[in-house]
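Have a look at protein-v3.csv; it's CSV, C-alpha atoms and all ligand atoms:
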```
chain,number,residue,atom,x,y,z
A,1020,MET,CA,3.9,12.2,12.5
A,1021,ASN,CA,3.4,8.9,14.4
A,1022,ILE,CA,2.0,5.9,12.6
A,1023,GLU,CA,-0.4,4.9,15.4
A,1024,ASP,CA,-4.0,5.2,14.4
A,1025,LYS,CA,-3.0,6.3,10.9
A,1026,THR,CA,-4.5,4.9,7.6
A,1027,VAL,CA,-2.0,3.8,5.0
A,1028,LEU,CA,-2.2,2.3,1.5
A,1029,ILE,CA,0.7,0.2,0.2
A,1030,THR,CA,1.1,-0.8,-3.5
A,1031,GLY,CA,2.6,-4.3,-4.1
A,1032,ALA,CA,1.6,-5.3,-0.6
A,1033,ASN,CA,1.4,-9.1,-1.1
A,1034,ARG,CA,5.1,-9.9,-0.9
A,1035,GLY,CA,8.7,-8.6,-0.5
A,1036,ILE,CA,9.1,-5.1,0.9
A,1037,GLY,CA,5.4,-4.2,0.4
A,1038,LYS,CA,4.3,-7.0,2.7
A,1039,ALA,CA,7.0,-6.1,5.2
A,1040,TYR,CA,5.6,-2.5,5.3
A,1041,ALA,CA,2.1,-3.9,6.0
A,1042,GLU,CA,3.4,-6.0,8.8
A,1043,ALA,CA,5.4,-3.1,10.3
A,1044,PHE,CA,2.4,-0.7,10.2
A,1045,LEU,CA,0.2,-3.4,11.7
A,1046,GLU,CA,2.7,-3.9,14.5
A,1047,GLY,CA,3.1,-0.2,14.9
A,1048,GLY,CA,-0.6,0.3,15.7
A,1049,ALA,CA,-1.8,1.7,12.4
A,1050,LYS,CA,-5.6,2.1,12.2
A,1051,LYS,CA,-6.1,0.7,8.7
A,1052,ILE,CA,-3.8,-0.7,6.1
A,1053,TYR,CA,-5.0,-1.0,2.5
A,1054,LEU,CA,-3.2,-3.8,0.8
A,1055,GLY,CA,-2.9,-2.6,-2.9
A,1056,VAL,CA,-2.5,-5.8,-4.9
A,1057,ARG,CA,-3.0,-7.0,-8.5
A,1058,ASP,CA,-4.7,-10.2,-7.3
A,1059,PRO,CA,-6.6,-9.9,-3.9
A,1060,LYS,CA,-6.5,-13.7,-3.5
A,1061,THR,CA,-2.7,-13.4,-2.8
A,1062,VAL,CA,-3.4,-11.6,0.5
A,1063,GLU,CA,-6.6,-13.5,1.6
A,1064,GLU,CA,-4.7,-15.5,4.3
A,1065,PHE,CA,-2.6,-12.5,5.5
A,1066,ALA,CA,-5.7,-10.2,5.7
A,1067,ALA,CA,-7.5,-12.8,7.7
A,1068,GLN,CA,-4.9,-12.2,10.5
A,1069,ALA,CA,-6.5,-8.8,11.3
A,1070,PRO,CA,-9.6,-8.4,9.0
A,1071,GLU,CA,-10.7,-5.1,10.6
A,1072,LYS,CA,-7.4,-3.5,9.8
A,1073,LEU,CA,-6.0,-5.2,6.7
A,1074,ILE,CA,-8.1,-4.3,3.7
A,1075,PRO,CA,-7.2,-5.8,0.3
A,1076,ILE,CA,-7.8,-3.5,-2.6
A,1077,LYS,CA,-7.4,-4.5,-6.3
A,1078,LEU,CA,-4.8,-2.2,-7.7
A,1079,ASP,CA,-2.6,-2.6,-10.7
A,1080,VAL,CA,-0.5,0.7,-10.7
A,1081,THR,CA,-0.6,0.7,-14.5
A,1082,ASN,CA,-4.4,0.6,-14.7
A,1083,GLU,CA,-6.0,4.1,-14.5
A,1084,ALA,CA,-9.5,2.8,-13.8
A,1085,GLU,CA,-8.3,0.7,-10.9
A,1086,ILE,CA,-6.3,3.6,-9.5
A,1087,LYS,CA,-9.4,5.9,-9.7
A,1088,ALA,CA,-11.6,3.4,-8.0
A,1089,ALA,CA,-9.0,2.9,-5.3
A,1090,ALA,CA,-8.8,6.6,-4.6
A,1091,GLU,CA,-12.6,6.8,-4.3
A,1092,LYS,CA,-12.8,3.8,-2.0
A,1093,ALA,CA,-9.7,4.6,0.2
A,1094,ASP,CA,-10.6,8.2,0.8
A,1095,ASP,CA,-9.3,8.1,4.3
A,1096,VAL,CA,-5.6,7.5,3.4
A,1097,GLU,CA,-3.1,9.6,5.3
A,1098,ILE,CA,0.1,7.7,4.2
A,1099,LEU,CA,0.6,6.5,0.6
A,1100,ILE,CA,3.5,4.1,-0.1
A,1101,ASN,CA,4.3,3.8,-3.8
A,1102,ASN,CA,6.2,0.5,-3.4
A,1103,ALA,CA,5.2,-1.7,-6.4
A,1104,GLY,CA,8.1,-2.2,-8.8
A,1105,ILE,CA,9.6,-4.6,-11.4
A,1106,LEU,CA,13.2,-5.4,-12.5
A,1107,HIS,CA,14.6,-6.7,-15.7
A,1108,MET,CA,18.3,-7.4,-15.7
A,1109,ASP,CA,20.0,-6.2,-18.8
A,1110,THR,CA,22.8,-4.1,-20.2
A,1111,SER,CA,22.2,-1.1,-22.4
A,1112,MET,CA,23.3,-3.3,-25.3
A,1113,ASP,CA,20.8,-6.1,-24.7
A,1114,SER,CA,18.0,-4.1,-23.1
A,1115,VAL,CA,14.8,-5.1,-24.8
A,1116,ALA,CA,12.6,-2.1,-25.5
A,1117,ASP,CA,9.4,-3.9,-24.3
A,1118,ASN,CA,11.0,-4.7,-20.9
A,1119,ALA,CA,12.3,-1.2,-20.5
A,1120,ARG,CA,8.8,0.2,-21.3
A,1121,LYS,CA,7.2,-2.1,-18.7
A,1122,GLU,CA,9.8,-0.9,-16.1
A,1123,PHE,CA,8.9,2.7,-16.8
A,1124,GLU,CA,5.2,1.9,-16.7
A,1125,VAL,CA,5.4,0.3,-13.2
A,1126,ASN,CA,8.4,2.2,-11.6
A,1127,PHE,CA,7.7,5.7,-13.0
A,1128,ILE,CA,4.2,6.0,-14.5
A,1129,GLY,CA,2.7,4.0,-11.6
A,1130,PRO,CA,3.9,6.4,-8.9
A,1131,LEU,CA,3.0,9.3,-11.2
A,1132,LEU,CA,-0.7,8.2,-11.6
A,1133,MET,CA,-1.0,7.0,-8.0
A,1134,THR,CA,0.2,10.3,-6.6
A,1135,GLN,CA,-2.1,12.3,-8.9
A,1136,ALA,CA,-5.1,10.3,-7.7
A,1137,PHE,CA,-4.2,10.3,-4.0
A,1138,ALA,CA,-2.8,13.9,-3.6
A,1139,PRO,CA,-6.3,15.3,-3.1
A,1140,VAL,CA,-7.1,12.5,-0.6
A,1141,LEU,CA,-3.9,13.3,1.4
A,1142,LYS,CA,-4.8,17.0,1.3
A,1143,LYS,CA,-8.3,16.4,2.6
A,1144,ASN,CA,-6.9,14.3,5.4
A,1145,GLY,CA,-4.4,17.0,6.6
A,1146,GLY,CA,-1.5,16.8,4.2
A,1147,GLY,CA,-0.2,13.3,5.1
A,1148,VAL,CA,2.9,11.5,3.9
A,1149,LEU,CA,3.9,10.3,0.4
A,1150,ILE,CA,6.5,7.6,0.3
A,1151,THR,CA,8.0,6.4,-2.9
A,1152,VAL,CA,10.3,3.4,-2.9
A,1153,SER,CA,13.0,4.2,-5.4
A,1154,SER,CA,16.4,2.5,-5.0
A,1155,ILE,CA,20.1,3.3,-4.6
A,1156,ALA,CA,19.9,2.4,-8.4
A,1157,GLY,CA,18.1,5.7,-8.7
A,1158,HIS,CA,21.3,7.5,-7.9
A,1159,VAL,CA,24.0,5.0,-9.0
A,1160,THR,CA,24.1,3.0,-12.3
A,1161,PHE,CA,24.9,-0.7,-11.6
A,1162,PRO,CA,26.2,-2.9,-14.4
A,1163,GLY,CA,23.5,-5.3,-15.7
A,1164,PHE,CA,20.6,-3.1,-14.6
A,1165,ALA,CA,20.5,-0.5,-17.4
A,1166,SER,CA,16.8,0.0,-17.9
A,1167,TYR,CA,15.9,-0.5,-14.3
A,1168,CYS,CA,18.3,2.2,-13.2
A,1169,ALA,CA,16.9,4.5,-15.8
A,1170,SER,CA,13.4,4.0,-14.5
A,1171,LYS,CA,14.6,4.6,-10.9
A,1172,TYR,CA,16.4,7.8,-12.0
A,1173,ALA,CA,13.1,8.9,-13.5
A,1174,ALA,CA,11.4,8.0,-10.2
A,1175,GLN,CA,14.0,10.1,-8.3
A,1176,SER,CA,13.2,13.1,-10.5
A,1177,LEU,CA,9.5,12.5,-9.8
A,1178,ILE,CA,10.1,12.4,-6.1
A,1179,LEU,CA,11.7,15.8,-6.3
A,1180,SER,CA,8.8,17.2,-8.3
A,1181,HIS,CA,6.4,15.8,-5.8
A,1182,ARG,CA,8.2,17.6,-3.0
A,1183,LEU,CA,7.9,20.9,-4.9
A,1184,ASP,CA,4.3,20.4,-6.0
A,1185,LEU,CA,2.9,19.1,-2.7
A,1186,LYS,CA,4.7,21.4,-0.4
A,1187,GLU,CA,1.8,23.9,-0.3
A,1188,GLN,CA,-0.7,21.2,0.9
A,1189,GLY,CA,1.7,20.1,3.6
A,1190,THR,CA,2.5,16.6,2.3
A,1191,HIS,CA,5.7,15.2,3.7
A,1192,VAL,CA,7.5,13.6,0.7
A,1193,ILE,CA,9.9,10.7,1.4
A,1194,GLY,CA,12.2,9.0,-1.0
A,1195,VAL,CA,13.4,5.5,0.0
A,1196,TYR,CA,16.6,4.2,-1.6
A,1197,PRO,CA,17.4,0.6,-0.6
A,1198,GLY,CA,20.4,-1.4,-1.6
A,1199,PRO,CA,20.1,-5.1,-2.2
A,1200,ILE,CA,17.2,-6.5,-0.1
A,1201,GLU,CA,16.3,-10.2,0.3
A,1202,THR,CA,13.1,-10.5,-1.8
A,1203,ASP,CA,11.9,-12.3,-4.9
A,1204,MET,CA,13.2,-9.4,-7.0
A,1205,THR,CA,16.8,-10.1,-6.1
A,1206,ASN,CA,16.7,-13.9,-6.6
A,1207,GLY,CA,19.3,-13.7,-9.4
A,1208,VAL,CA,21.4,-11.0,-7.8
A,1209,HIS,CA,24.7,-12.1,-6.3
A,1210,MET,CA,25.4,-9.4,-3.6
A,1211,ASP,CA,25.1,-9.3,0.2
A,1212,LYS,CA,21.4,-8.7,0.8
A,1213,PHE,CA,19.6,-7.2,3.8
A,1214,SER,CA,16.3,-7.8,5.5
A,1215,PRO,CA,13.2,-5.9,4.3
A,1216,SER,CA,12.7,-4.9,8.0
A,1217,LEU,CA,15.6,-2.5,7.7
A,1218,VAL,CA,13.7,-0.7,5.0
A,1219,THR,CA,10.4,-0.6,6.9
A,1220,GLN,CA,12.0,0.5,10.2
A,1221,ALA,CA,14.1,3.3,8.6
A,1222,THR,CA,11.0,4.5,6.7
A,1223,ILE,CA,8.9,4.6,9.9
A,1224,GLU,CA,11.7,6.6,11.6
A,1225,ALA,CA,11.6,9.1,8.8
A,1226,ILE,CA,7.8,9.5,9.1
A,1227,LYS,CA,8.3,10.3,12.8
A,1228,SER,CA,11.4,12.6,12.4
A,1229,GLY,CA,10.4,14.5,9.2
A,1230,ASP,CA,13.4,13.2,7.3
A,1231,GLU,CA,13.0,13.2,3.5
A,1232,GLU,CA,15.5,10.6,2.4
A,1233,VAL,CA,15.9,7.0,3.6
A,1234,PHE,CA,19.1,5.0,2.9
A,1235,PRO,CA,18.1,2.0,5.0
A,1236,ASP,CA,21.1,-0.5,4.7
A,1237,PRO,CA,24.9,-0.4,4.8
A,1238,THR,CA,25.3,-0.8,1.0
A,1239,SER,CA,23.0,2.1,0.1
A,1240,GLN,CA,24.5,4.3,2.8
A,1241,GLU,CA,28.1,3.6,1.7
A,1242,LEU,CA,27.4,4.0,-2.0
A,1243,TYR,CA,25.5,7.2,-1.5
A,1244,ALA,CA,28.2,8.7,0.7
A,1245,THR,CA,30.8,7.9,-1.9
A,1246,PHE,CA,28.6,9.2,-4.7
A,1247,ARG,CA,28.1,12.5,-2.9
A,1248,LYS,CA,31.8,12.8,-2.4
A,1249,ASP,CA,33.0,11.8,-5.8
A,1250,PRO,CA,30.6,10.4,-8.5
A,1251,LYS,CA,33.5,9.3,-10.7
A,1252,MET,CA,34.7,7.0,-7.9
A,1253,VAL,CA,31.4,5.2,-8.0
A,1254,GLU,CA,31.6,4.9,-11.8
A,1255,THR,CA,35.1,3.4,-11.5
A,1256,ALA,CA,33.9,0.9,-8.8
A,1257,MET,CA,31.0,-0.2,-11.0
A,1258,ALA,CA,33.4,-0.7,-14.0
A,1259,GLU,CA,35.5,-2.9,-11.7
A,1260,MET,CA,32.4,-4.8,-10.6
A,1261,LEU,CA,31.6,-5.5,-14.3
A,1262,ARG,CA,35.2,-6.5,-15.1
A,1263,GLU,CA,35.2,-9.0,-12.2
A,1264,ALA,CA,31.8,-10.4,-13.2
A,1265,LYS,CA,33.0,-11.0,-16.8
A,1266,GLU,CA,36.1,-12.7,-15.5
A,1267,ALA,CA,34.1,-14.9,-13.2
A,1268,ALA,CA,31.7,-15.9,-16.0
B,1,LIG,N1,14.7,-6.0,-3.4
B,1,LIG,C1,15.6,-5.1,-3.6
B,1,LIG,O1,16.8,-5.3,-3.5
B,1,LIG,C2,15.2,-3.6,-3.9
B,1,LIG,C3,16.2,-2.7,-3.8
B,1,LIG,C4,15.9,-1.3,-4.0
B,1,LIG,C5,14.6,-1.0,-4.3
B,1,LIG,N2,13.6,-2.0,-4.4
B,1,LIG,C6,12.3,-1.5,-4.8
B,1,LIG,O2,11.4,-1.9,-3.7
B,1,LIG,C7,10.1,-2.1,-4.3
B,1,LIG,C8,9.6,-3.5,-3.8
B,1,LIG,O3,10.4,-4.5,-4.4
B,1,LIG,P1,10.6,-6.0,-3.8
B,1,LIG,O4,12.0,-6.2,-3.7
B,1,LIG,O5,9.6,-6.2,-2.7
B,1,LIG,O6,10.0,-6.8,-5.1
B,1,LIG,P2,9.2,-8.1,-5.3
B,1,LIG,O7,9.4,-9.0,-4.1
B,1,LIG,O8,9.5,-8.6,-6.6
B,1,LIG,O9,7.7,-7.5,-5.2
B,1,LIG,C9,7.2,-6.6,-6.2
B,1,LIG,C10,5.8,-6.2,-5.8
B,1,LIG,O10,5.4,-5.3,-6.8
B,1,LIG,C11,4.1,-5.7,-7.3
B,1,LIG,N3,3.9,-5.3,-8.6
B,1,LIG,C12,4.6,-5.5,-9.8
B,1,LIG,N4,4.0,-4.9,-10.8
B,1,LIG,C13,2.8,-4.3,-10.4
B,1,LIG,C14,1.8,-3.6,-10.9
B,1,LIG,N5,1.8,-3.3,-12.3
B,1,LIG,N6,0.8,-3.1,-10.1
B,1,LIG,C15,0.8,-3.3,-8.8
B,1,LIG,N7,1.8,-4.1,-8.2
B,1,LIG,C16,2.8,-4.5,-9.0
B,1,LIG,C17,4.2,-7.2,-7.2
B,1,LIG,O11,2.9,-7.8,-7.3
B,1,LIG,P3,2.6,-9.2,-7.9
B,1,LIG,O12,2.8,-10.3,-6.8
B,1,LIG,O13,1.2,-9.2,-8.4
B,1,LIG,O14,3.6,-9.4,-9.1
B,1,LIG,C18,4.8,-7.4,-5.8
B,1,LIG,O15,3.9,-7.2,-4.8
B,1,LIG,C19,10.2,-2.0,-5.8
B,1,LIG,O16,9.9,-0.7,-6.2
B,1,LIG,C20,11.7,-2.2,-6.0
B,1,LIG,O17,12.2,-1.6,-7.2
B,1,LIG,C21,13.9,-3.3,-4.2
```
Step by step, read the file and then write its structure as structure tokens.
Ligand SMILES: NC(=O)c1ccc[n+]([C@@H]2O[C@H](COP(=O)([O-])OP(=O)(O)OC[C@H]3O[C@@H](n4cnc5c(N)ncnc54)[C@H](OP(=O)(O)O)[C@@H]3O)[C@@H](O)[C@H]2O)c1
Amino acid sequence: MNIEDKTVLITGANRGIGKAYAEAFLEGGAKKIYLGVRDPKTVEEFAAQAPEKLIPIKLDVTNEAEIKAAAEKADDVEILINNAGILHMDTSMDSVADNARKEFEVNFIGPLLMTQAFAPVLKKNGGGVLITVSSIAGHVTFPGFASYCASKYAAQSLILSHRLDLKEQGTHVIGVYPGPIETDMTNGVHMDKFSPSLVTQATIEAIKSGDEEVFPDPTSQELYATFRKDPKMVETAMAEMLREAKEAA
């Protein structure tokens, strides 16, 4: 599928990777881009750049009433991007249950509810494309990200279920697995970080080519290749990363 003249909805579209998706689809000639945001005021200025194409839509991915209303309003969507996400940095020893619950609510239940609401819309519009932004942390467990990784492993399983359950209606299901990307989310993360544009461009390539998995940056590509070859090797590298971090602290 090409993105030209297509209608897309992006959750968490006001900043970070979500906003970069909106900009990339606008540049790529999409017909309409629904900006799913908790607070529409946060995209007023951005939407004014192309008011006929950029349509703000109030959407907290944990709010079932807002999701239902969004699916009724945006019934022309052909590409859904489950992008909204949150991160709490913790170890499995200091993980606060309330933070972990919130991560599961946004990173797992959010895409679950959004996809249930929008699957009939995608079907009506020819099958379409479902994109879920997981993380390399959905394959590999990083030190200091215990509950976030768990929520992204859950999201990974959901992506595989979506691929099974939406095959018959012809929906192309894409999982996106970035490494460290330069956004607000990684403010306190001390690793080499990459531009959100790597994520958006690799995703658009996958929409066009029919690929189902997107590892957009060198860190996610290298880690996933090592993980495929020898999962224990990644575990050892993560233990070393933790040891070095403790020594440096
Ligand atoms: N940055 C990275 O290194 C990285 C790496 C791998 C994967 N990812 C994933 O990429 C996605 C985007 O992350 P990002 O780096 O762009 O993060 P970000 O800059 O922190 O932006 C997060 C976005 O999610 C929205 N959001 C949070 N809770 C929401 C909710 N309940 N309902 C609707 N929207 C909600 C935020 O909206 P508000 O402005 O209203 O808070 C914001 O638009 C996430 O799924 C993240 O896990 C990021």
Q | Residues within 8 Å of ligand LIG 1 (chain B), counting all atoms listed in the file, as number ranges by chain | A | A: 1030-1038, 1055-1058, 1061, 1078-1082, 1101-1106, 1124-1126, 1129, 1152-1156, 1171, 1195-1205, 1212, 1215
Please identify every residue of stretch 1097-1135 of chain A that has at least one atom no farther than 6 Å from an atom of stretch 1145-1151 of chain A, counting all atoms listed in the file, and for each give the shortest atom pair and the distance in Å to one decimal, arranged by chain then increasing number, as a Markdown table.
```
| residue | atom | partner | partner_atom | distance |
| --- | --- | --- | --- | --- |
| A:Glu1097 | CA | A:Gly1147 | CA | 4.7 |
| A:Ile1098 | CA | A:Val1148 | CA | 4.7 |
| A:Leu1099 | CA | A:Leu1149 | CA | 5.0 |
| A:Ile1100 | CA | A:Ile1150 | CA | 4.6 |
| A:Asn1101 | CA | A:Thr1151 | CA | 4.6 |
```
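Closest approach to A:Leu1132 among A:Asp1211, A:Glu1085, A:Asp1113, A:Asp1095: A:Glu1085, based on all atoms listed in the file.
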(Q) Could you check which residues have any atom within 12 Å of (20.4, -2.6, -17.0), counting only C-alpha atoms with coordinates taken straight from the file, and then list them as a PyMOL selection string? (A) chain A and resi 1106-1116+1118-1119+1122+1156-1157+1159-1171+1261
Q.
Let me make sure I understand: among A:Glu1083, A:Glu1071, A:Glu1224, A:Glu1231, which one has the smallest atom-to-atom distance to A:Leu1179 if we use only C-alpha atoms?
A.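 Once distances to A:Leu1179 are computed over only C-alpha atoms, the minimum belongs to A:Glu1231.
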